[in-house]
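Colleague: Pasting a structure here, questions to come.
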Amino acid sequence: IIHCPTPLEPQGPAVVDKIISVLQEEKFPVKKAVLDHTGRNTLEAKLKSGCYVGLSLCYDKLRPEDAAEIVRDHPENRDQLLINSEFGWTADGYYSVPRAALAMRRLGLKREEIEHVTWDNPSRLFGFHI
């Protein structure tokens, strides 16, 4: 899991490009890498990399509603998307994943599509066999 600059940090796109180039130079298996703290400013580069794309829900990273829109708007990339939370200093993160699931339902996504980005993808990546 690579903690990239947050969407609020202006250097984010340049740093993400450098991270991706280092992964490629080192021949790191991109299917095992998570580029976390994704915002709209780095989304496309991360998706093109082939890595998993962490949609970290936290006040300074991504709102649940924004993550829901990203999932809705990128059906062809849902195998790469991971919804995750970060508590942050407000401890608001306890409910951020359920809030994102609710936001996805409100946008019309089906239960299977929601479970794919909140459970199936992390289970596959981390080898959860439950």
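To be explicit about the labels: the chains of the structure tokens are called A, B, and onward in the order shown, and within each one the residues are counted from 1, while ligands get numbers from 1 in the order they are shown.
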Find the spatial neighbours of stretch 16-31 of chain A, counting only C-alpha atoms, within a cut-off of 9 Å - ignore same-chain residues fewer than 5 positions away - and output them as number ranges by chain.
Modeller: A: 2, 4-5, 11, 42, 45-46, 49-52, 80, 125
Colleague: Keeping only N, CA, C and O atoms, write the selected residues as a compact mmCIF listing (two decimals), in the first residue's frame.
Modeller:
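Output saved as result.txt:
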```txt
# COMPACT_ATOMS: atom_id res chain seq x y z
N ILE A 2 0.78 2.03 -1.02
CA ILE A 2 1.63 3.21 -1.17
C ILE A 2 0.78 4.43 -0.84
O ILE A 2 -0.21 4.71 -1.51
N CYS A 4 0.11 7.81 -1.18
CA CYS A 4 0.41 8.91 -2.09
C CYS A 4 -0.04 10.23 -1.47
O CYS A 4 -0.79 10.23 -0.50
N PRO A 5 0.40 11.35 -2.02
CA PRO A 5 -0.08 12.64 -1.52
C PRO A 5 -1.60 12.71 -1.60
O PRO A 5 -2.22 12.12 -2.49
N GLN A 11 1.34 18.88 -5.21
CA GLN A 11 2.39 18.07 -5.84
C GLN A 11 1.91 16.65 -6.16
O GLN A 11 2.64 15.86 -6.75
N THR A 42 -5.54 12.57 -9.45
CA THR A 42 -4.58 11.50 -9.73
C THR A 42 -5.26 10.22 -10.21
O THR A 42 -4.58 9.23 -10.50
N ALA A 45 -4.21 8.62 -13.88
CA ALA A 45 -2.85 8.07 -13.91
C ALA A 45 -2.78 6.76 -13.13
O ALA A 45 -2.13 5.80 -13.57
N LYS A 46 -3.45 6.72 -11.99
CA LYS A 46 -3.44 5.50 -11.18
C LYS A 46 -4.16 4.37 -11.89
O LYS A 46 -3.70 3.22 -11.88
N SER A 49 -2.06 2.84 -14.58
CA SER A 49 -0.88 2.12 -14.09
C SER A 49 -1.11 0.62 -13.97
O SER A 49 -0.16 -0.16 -13.98
N GLY A 50 -2.37 0.21 -13.81
CA GLY A 50 -2.67 -1.20 -13.59
C GLY A 50 -2.68 -1.59 -12.12
O GLY A 50 -3.04 -2.71 -11.78
N CYS A 51 -2.30 -0.67 -11.25
CA CYS A 51 -2.32 -0.92 -9.81
C CYS A 51 -3.74 -0.87 -9.29
O CYS A 51 -4.64 -0.35 -9.94
N TYR A 52 -3.92 -1.39 -8.08
CA TYR A 52 -5.17 -1.13 -7.38
C TYR A 52 -5.19 0.35 -7.02
O TYR A 52 -4.15 0.96 -6.76
N GLN A 80 -10.09 -2.66 -10.18
CA GLN A 80 -8.94 -1.99 -9.59
C GLN A 80 -9.29 -1.16 -8.36
O GLN A 80 -8.40 -0.74 -7.63
N LEU A 125 -7.05 -9.21 -3.25
CA LEU A 125 -5.71 -8.65 -3.08
C LEU A 125 -5.00 -9.21 -1.85
O LEU A 125 -3.84 -9.62 -1.91
```
Colleague: Would you list, as a VMD selection string, the residues of stretch 21-129 of chain A that end up in alpha helix (DSSP H) under DSSP run on this structure's backbone?
Modeller: chain A and resid 21 to 25 43 to 49 64 to 73 96 to 106 111 to 115 121 to 126
Colleague: Identify, on the basis of only C-alpha atoms, every residue whose closest approach to A:Thr118 does not exceed 12 Å; exclude the query and any residue fewer than 5 positions from it along the same chain; express the result as a PyMOL selection string.
Modeller: chain A and resi 54-57+67-68+71+78-85+96-102+104+111-113+123-125
Colleague: So which residues of stretch 8-123 of chain A fall under strand (DSSP E) by DSSP, listed as a list in words?
Modeller: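 Output for stretch 8-123 of chain A, strand (DSSP E) only: Val34, Leu35, Asp36, Tyr52, Val53, Gly54, Leu55, Ser56, Leu57, Leu81, Leu82, Ile83, Asn84 and Ser85 of chain A.
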Colleague: For A:Ile70, please output as a list of chain:residue names all residues within 9 Å (counting only C-alpha atoms; exclusion window: fewer than 3 positions along the same chain).
Modeller: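 Counting only C-alpha atoms, the residues come to A:Arg40, A:Leu43, A:Leu55, A:Glu65, A:Asp66, A:Ala67, A:Asp73, A:His74, A:Pro75.
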Colleague: Generate the output file for the selected residues, C-alpha atoms, as a CSV table (one decimal), in the first residue's frame.
Modeller:
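In the end it all went to selection-v7.csv:
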```csv
chain,number,residue,atom,x,y,z
A,40,ARG,CA,-9.8,13.1,-9.1
A,43,LEU,CA,-7.3,9.0,-10.6
A,55,LEU,CA,-10.2,5.4,-2.5
A,65,GLU,CA,-20.1,10.6,-2.2
A,66,ASP,CA,-17.1,11.4,-4.3
A,67,ALA,CA,-15.9,7.8,-4.1
A,73,ASP,CA,-18.3,6.6,-13.6
A,74,HIS,CA,-15.6,3.9,-14.1
A,75,PRO,CA,-17.4,0.5,-14.5
```
Colleague: Can you list, as a list in words, every protein, DNA or RNA residue that comes within 8 Å of A:Asp60 when you count only C-alpha atoms, leaving out same-chain residues fewer than 6 positions away?
Modeller: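 The residues that qualify are Thr6, Pro7 and Leu8 of chain A.
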Colleague: For atom CA of A:Asn77 and atom CA of A:Cys58, determine how far apart the two atoms are, in Å to one decimal place.
Modeller: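 Computing the Euclidean distance for atom CA of A:Asn77 and atom CA of A:Cys58 yields 21.9 Å.
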Colleague: With only C-alpha atoms as the atoms that count, which of A:Lys61, A:His3, A:His37, A:Arg72 lies nearest to A:Lys110?
Modeller: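 The shortest atom-to-atom distance to A:Lys110 comes from A:Arg72.
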Colleague: Between atom CA of A:Glu69 and atom CA of A:Val53, what is the spacing in Å?
Modeller: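 Taking atom CA of A:Val53 and atom CA of A:Glu69, their separation equals 14.4 Å.
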Colleague: For A:Gly127, which of A:Arg106, A:Tyr94, A:Lys32, A:Glu86 is the closest residue, counting only C-alpha atoms?
Modeller: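 Smallest distance to A:Gly127 is found for A:Lys32.
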Colleague: Kindly give the distance, in Å, that separates atom CA of A:Gly12 and atom CA of A:Val117, rounded to a single decimal.
Modeller: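 Computing the Euclidean distance for atom CA of A:Gly12 and atom CA of A:Val117 yields 23.4 Å.
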